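Undergrad: First the structure, then my questions, so here it is.
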Amino acid sequence: MYHVYRERNHSEFSRALVGEFTDLDEARACAQKAIAGKDDYNYIIIETDGHVNNYGDLITTVIEESD
């Protein structure tokens, strides 16, 4: 599963979930659309397979991040 987030100025505090996708190409298209025309926004695509660590936090991998 891919989670697409939109951030403002690479700040994790401003991170907002845009969508969840099973296809990476759909996730990329949504991410690019979410920040289109907004110069101070960037996107991040995170992959998860549902596993959690010892603390109960979801284990994630950053797949792609815009500049």
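Please note that chains go A, B, ... in the order of the structure tokens, that every chain numbers its residues from 1, and that ligands are numbered from 1 in the order shown.
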Within 8 Å of Thr61 of chain A, counting only C-alpha atoms, which residues qualify if same-chain residues fewer than 4 places away don't, as a PyMOL selection string?

TA: chain A and resi 46-48

Undergrad: Taking the backbone alone, and naming residues the way the document does, which bits of chain A are strand (DSSP E or B) by DSSP, as a PDB file with N, CA and C atoms, in the first residue's frame?

TA:
```
ATOM      1  N   TYR A   2       0.527   2.199  -0.796  1.00  0.00           N
ATOM      2  CA  TYR A   2       1.264   3.454  -0.892  1.00  0.00           C
ATOM      3  C   TYR A   2       0.431   4.583  -0.297  1.00  0.00           C
ATOM      4  N   HIS A   3       1.037   5.365   0.552  1.00  0.00           N
ATOM      5  CA  HIS A   3       0.391   6.528   1.147  1.00  0.00           C
ATOM      6  C   HIS A   3       1.021   7.769   0.542  1.00  0.00           C
ATOM      7  N   VAL A   4       0.201   8.686   0.075  1.00  0.00           N
ATOM      8  CA  VAL A   4       0.678   9.930  -0.517  1.00  0.00           C
ATOM      9  C   VAL A   4       0.378  11.064   0.450  1.00  0.00           C
ATOM     10  N   TYR A   5       1.416  11.821   0.793  1.00  0.00           N
ATOM     11  CA  TYR A   5       1.279  12.956   1.698  1.00  0.00           C
ATOM     12  C   TYR A   5       1.724  14.229   0.998  1.00  0.00           C
ATOM     13  N   ARG A   6       1.123  15.338   1.389  1.00  0.00           N
ATOM     14  CA  ARG A   6       1.524  16.660   0.918  1.00  0.00           C
ATOM     15  C   ARG A   6       2.073  17.421   2.119  1.00  0.00           C
ATOM     16  N   GLU A   7       3.224  18.059   1.941  1.00  0.00           N
ATOM     17  CA  GLU A   7       3.859  18.831   3.005  1.00  0.00           C
ATOM     18  C   GLU A   7       4.101  20.252   2.528  1.00  0.00           C
ATOM     19  N   ARG A   8       4.232  21.132   3.463  1.00  0.00           N
ATOM     20  CA  ARG A   8       4.580  22.513   3.141  1.00  0.00           C
ATOM     21  C   ARG A   8       6.003  22.758   3.616  1.00  0.00           C
ATOM     22  N   SER A  11       8.103  20.283   5.921  1.00  0.00           N
ATOM     23  CA  SER A  11       7.819  20.229   7.351  1.00  0.00           C
ATOM     24  C   SER A  11       6.892  19.062   7.651  1.00  0.00           C
ATOM     25  N   GLU A  12       7.350  18.154   8.495  1.00  0.00           N
ATOM     26  CA  GLU A  12       6.547  17.000   8.877  1.00  0.00           C
ATOM     27  C   GLU A  12       5.298  17.415   9.657  1.00  0.00           C
ATOM     28  N   PHE A  13       5.344  18.567  10.298  1.00  0.00           N
ATOM     29  CA  PHE A  13       4.197  19.053  11.064  1.00  0.00           C
ATOM     30  C   PHE A  13       3.038  19.470  10.164  1.00  0.00           C
ATOM     31  N   SER A  14       3.337  19.804   8.920  1.00  0.00           N
ATOM     32  CA  SER A  14       2.282  20.225   7.999  1.00  0.00           C
ATOM     33  C   SER A  14       1.839  19.078   7.085  1.00  0.00           C
ATOM     34  N   ARG A  15       2.295  17.879   7.357  1.00  0.00           N
ATOM     35  CA  ARG A  15       1.999  16.732   6.496  1.00  0.00           C
ATOM     36  C   ARG A  15       0.517  16.384   6.541  1.00  0.00           C
ATOM     37  N   ALA A  16      -0.065  16.205   5.358  1.00  0.00           N
ATOM     38  CA  ALA A  16      -1.475  15.846   5.232  1.00  0.00           C
ATOM     39  C   ALA A  16      -1.611  14.675   4.264  1.00  0.00           C
ATOM     40  N   LEU A  17      -2.384  13.685   4.651  1.00  0.00           N
ATOM     41  CA  LEU A  17      -2.621  12.528   3.802  1.00  0.00           C
ATOM     42  C   LEU A  17      -3.500  12.927   2.630  1.00  0.00           C
ATOM     43  N   VAL A  18      -3.035  12.612   1.412  1.00  0.00           N
ATOM     44  CA  VAL A  18      -3.789  12.922   0.202  1.00  0.00           C
ATOM     45  C   VAL A  18      -4.563  11.688  -0.251  1.00  0.00           C
ATOM     46  N   GLY A  19      -3.958  10.501  -0.129  1.00  0.00           N
ATOM     47  CA  GLY A  19      -4.644   9.290  -0.554  1.00  0.00           C
ATOM     48  C   GLY A  19      -3.830   8.037  -0.304  1.00  0.00           C
ATOM     49  N   GLU A  20      -4.504   6.890  -0.426  1.00  0.00           N
ATOM     50  CA  GLU A  20      -3.869   5.583  -0.304  1.00  0.00           C
ATOM     51  C   GLU A  20      -4.111   4.815  -1.594  1.00  0.00           C
ATOM     52  N   PHE A  21      -3.066   4.184  -2.102  1.00  0.00           N
ATOM     53  CA  PHE A  21      -3.149   3.519  -3.399  1.00  0.00           C
ATOM     54  C   PHE A  21      -2.439   2.180  -3.351  1.00  0.00           C
ATOM     55  N   TYR A  41       4.923  23.697  -1.696  1.00  0.00           N
ATOM     56  CA  TYR A  41       4.498  22.370  -1.270  1.00  0.00           C
ATOM     57  C   TYR A  41       5.347  21.296  -1.930  1.00  0.00           C
ATOM     58  N   ASN A  42       5.505  20.187  -1.257  1.00  0.00           N
ATOM     59  CA  ASN A  42       6.161  19.025  -1.821  1.00  0.00           C
ATOM     60  C   ASN A  42       5.349  17.791  -1.441  1.00  0.00           C
ATOM     61  N   TYR A  43       5.642  16.674  -2.076  1.00  0.00           N
ATOM     62  CA  TYR A  43       4.936  15.440  -1.753  1.00  0.00           C
ATOM     63  C   TYR A  43       5.915  14.371  -1.318  1.00  0.00           C
ATOM     64  N   ILE A  44       5.373  13.369  -0.645  1.00  0.00           N
ATOM     65  CA  ILE A  44       6.156  12.224  -0.216  1.00  0.00           C
ATOM     66  C   ILE A  44       5.273  10.990  -0.380  1.00  0.00           C
ATOM     67  N   ILE A  45       5.850   9.935  -0.954  1.00  0.00           N
ATOM     68  CA  ILE A  45       5.134   8.673  -1.131  1.00  0.00           C
ATOM     69  C   ILE A  45       5.804   7.649  -0.223  1.00  0.00           C
ATOM     70  N   ILE A  46       4.995   7.045   0.637  1.00  0.00           N
ATOM     71  CA  ILE A  46       5.499   6.085   1.620  1.00  0.00           C
ATOM     72  C   ILE A  46       4.833   4.741   1.366  1.00  0.00           C
ATOM     73  N   GLU A  47       5.632   3.670   1.413  1.00  0.00           N
ATOM     74  CA  GLU A  47       5.097   2.327   1.226  1.00  0.00           C
ATOM     75  C   GLU A  47       5.042   1.615   2.571  1.00  0.00           C
ATOM     76  N   THR A  48       3.981   0.849   2.778  1.00  0.00           N
ATOM     77  CA  THR A  48       3.841   0.044   3.976  1.00  0.00           C
ATOM     78  C   THR A  48       3.238  -1.306   3.603  1.00  0.00           C
ATOM     79  N   ASP A  49       3.617  -2.331   4.347  1.00  0.00           N
ATOM     80  CA  ASP A  49       3.041  -3.651   4.098  1.00  0.00           C
ATOM     81  C   ASP A  49       2.206  -4.137   5.286  1.00  0.00           C
ATOM     82  N   GLY A  50       1.955  -3.237   6.236  1.00  0.00           N
ATOM     83  CA  GLY A  50       1.102  -3.579   7.367  1.00  0.00           C
ATOM     84  C   GLY A  50       1.831  -4.082   8.603  1.00  0.00           C
ATOM     85  N   HIS A  51       3.135  -4.275   8.520  1.00  0.00           N
ATOM     86  CA  HIS A  51       3.897  -4.742   9.678  1.00  0.00           C
ATOM     87  C   HIS A  51       4.158  -3.586  10.647  1.00  0.00           C
ATOM     88  N   VAL A  52       4.269  -3.911  11.916  1.00  0.00           N
ATOM     89  CA  VAL A  52       4.548  -2.916  12.948  1.00  0.00           C
ATOM     90  C   VAL A  52       5.804  -3.321  13.709  1.00  0.00           C
ATOM     91  N   LEU A  58       3.757   1.662  12.645  1.00  0.00           N
ATOM     92  CA  LEU A  58       3.765   1.076  11.313  1.00  0.00           C
ATOM     93  C   LEU A  58       5.149   1.233  10.693  1.00  0.00           C
ATOM     94  N   ILE A  59       5.675   0.148  10.145  1.00  0.00           N
ATOM     95  CA  ILE A  59       6.981   0.192   9.482  1.00  0.00           C
ATOM     96  C   ILE A  59       6.756   0.697   8.065  1.00  0.00           C
ATOM     97  N   THR A  60       7.450   1.784   7.715  1.00  0.00           N
ATOM     98  CA  THR A  60       7.257   2.428   6.418  1.00  0.00           C
ATOM     99  C   THR A  60       8.592   2.594   5.691  1.00  0.00           C
ATOM    100  N   THR A  61       8.510   2.734   4.386  1.00  0.00           N
ATOM    101  CA  THR A  61       9.667   3.017   3.540  1.00  0.00           C
ATOM    102  C   THR A  61       9.313   4.171   2.623  1.00  0.00           C
ATOM    103  N   VAL A  62      10.162   5.192   2.593  1.00  0.00           N
ATOM    104  CA  VAL A  62       9.937   6.310   1.684  1.00  0.00           C
ATOM    105  C   VAL A  62      10.322   5.864   0.276  1.00  0.00           C
ATOM    106  N   ILE A  63       9.366   5.939  -0.624  1.00  0.00           N
ATOM    107  CA  ILE A  63       9.586   5.531  -2.008  1.00  0.00           C
ATOM    108  C   ILE A  63      10.050   6.695  -2.857  1.00  0.00           C
ATOM    109  N   GLU A  64       9.399   7.831  -2.687  1.00  0.00           N
ATOM    110  CA  GLU A  64       9.703   8.993  -3.528  1.00  0.00           C
ATOM    111  C   GLU A  64       9.362  10.272  -2.770  1.00  0.00           C
ATOM    112  N   GLU A  65      10.167  11.280  -3.004  1.00  0.00           N
ATOM    113  CA  GLU A  65       9.939  12.589  -2.376  1.00  0.00           C
ATOM    114  C   GLU A  65      10.294  13.674  -3.377  1.00  0.00           C
TER     115      GLU A  65
END
```

Undergrad: Please compute the atom CA of Ser66 of chain A-atom CA of Thr22 of chain A distance, one decimal, in Å.

TA: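 The value is 19.7 Å.
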
Undergrad: What gap, in Å, lies between atom CA of Gly56 of chain A and atom CA of Asp23 of chain A?

TA: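 So the answer is 25.6 Å.
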
Undergrad: If we count only C-alpha atoms, what is near segment 36-40 of chain A at a cut-off of 10 Å, once residues fewer than 4 positions away on the same chain are taken out, given as a ChimeraX atom specification?

TA: /A:7-10,30-32

Undergrad: How would you write, as a list in words, the set of residues in segment 9-66 of chain A that DSSP gives as helix (DSSP H, G or I)?

TA: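 Going through segment 9-66 of chain A, the helix (DSSP H, G or I) residues come out as Leu24, Asp25, Glu26, Ala27, Arg28, Ala29, Cys30, Ala31, Gln32, Lys33 and Ala34 of chain A.
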
Undergrad: Keeping C-alpha atoms for every residue in the selection just given, could you write it to a file as a PDB file, in the first residue's frame?

TA:
```pdb
ATOM      1  CA  LEU A  24       2.576   3.240  -7.573  1.00  0.00           C
ATOM      2  CA  ASP A  25       1.793   4.985 -10.869  1.00  0.00           C
ATOM      3  CA  GLU A  26      -1.589   6.127  -9.542  1.00  0.00           C
ATOM      4  CA  ALA A  27       0.102   7.340  -6.353  1.00  0.00           C
ATOM      5  CA  ARG A  28       2.626   9.372  -8.355  1.00  0.00           C
ATOM      6  CA  ALA A  29      -0.095  10.939 -10.498  1.00  0.00           C
ATOM      7  CA  CYS A  30      -2.096  11.923  -7.423  1.00  0.00           C
ATOM      8  CA  ALA A  31       0.999  13.308  -5.673  1.00  0.00           C
ATOM      9  CA  GLN A  32       1.946  15.494  -8.621  1.00  0.00           C
ATOM     10  CA  LYS A  33      -1.627  16.734  -8.957  1.00  0.00           C
ATOM     11  CA  ALA A  34      -1.777  17.556  -5.221  1.00  0.00           C
TER      12      ALA A  34
END
```
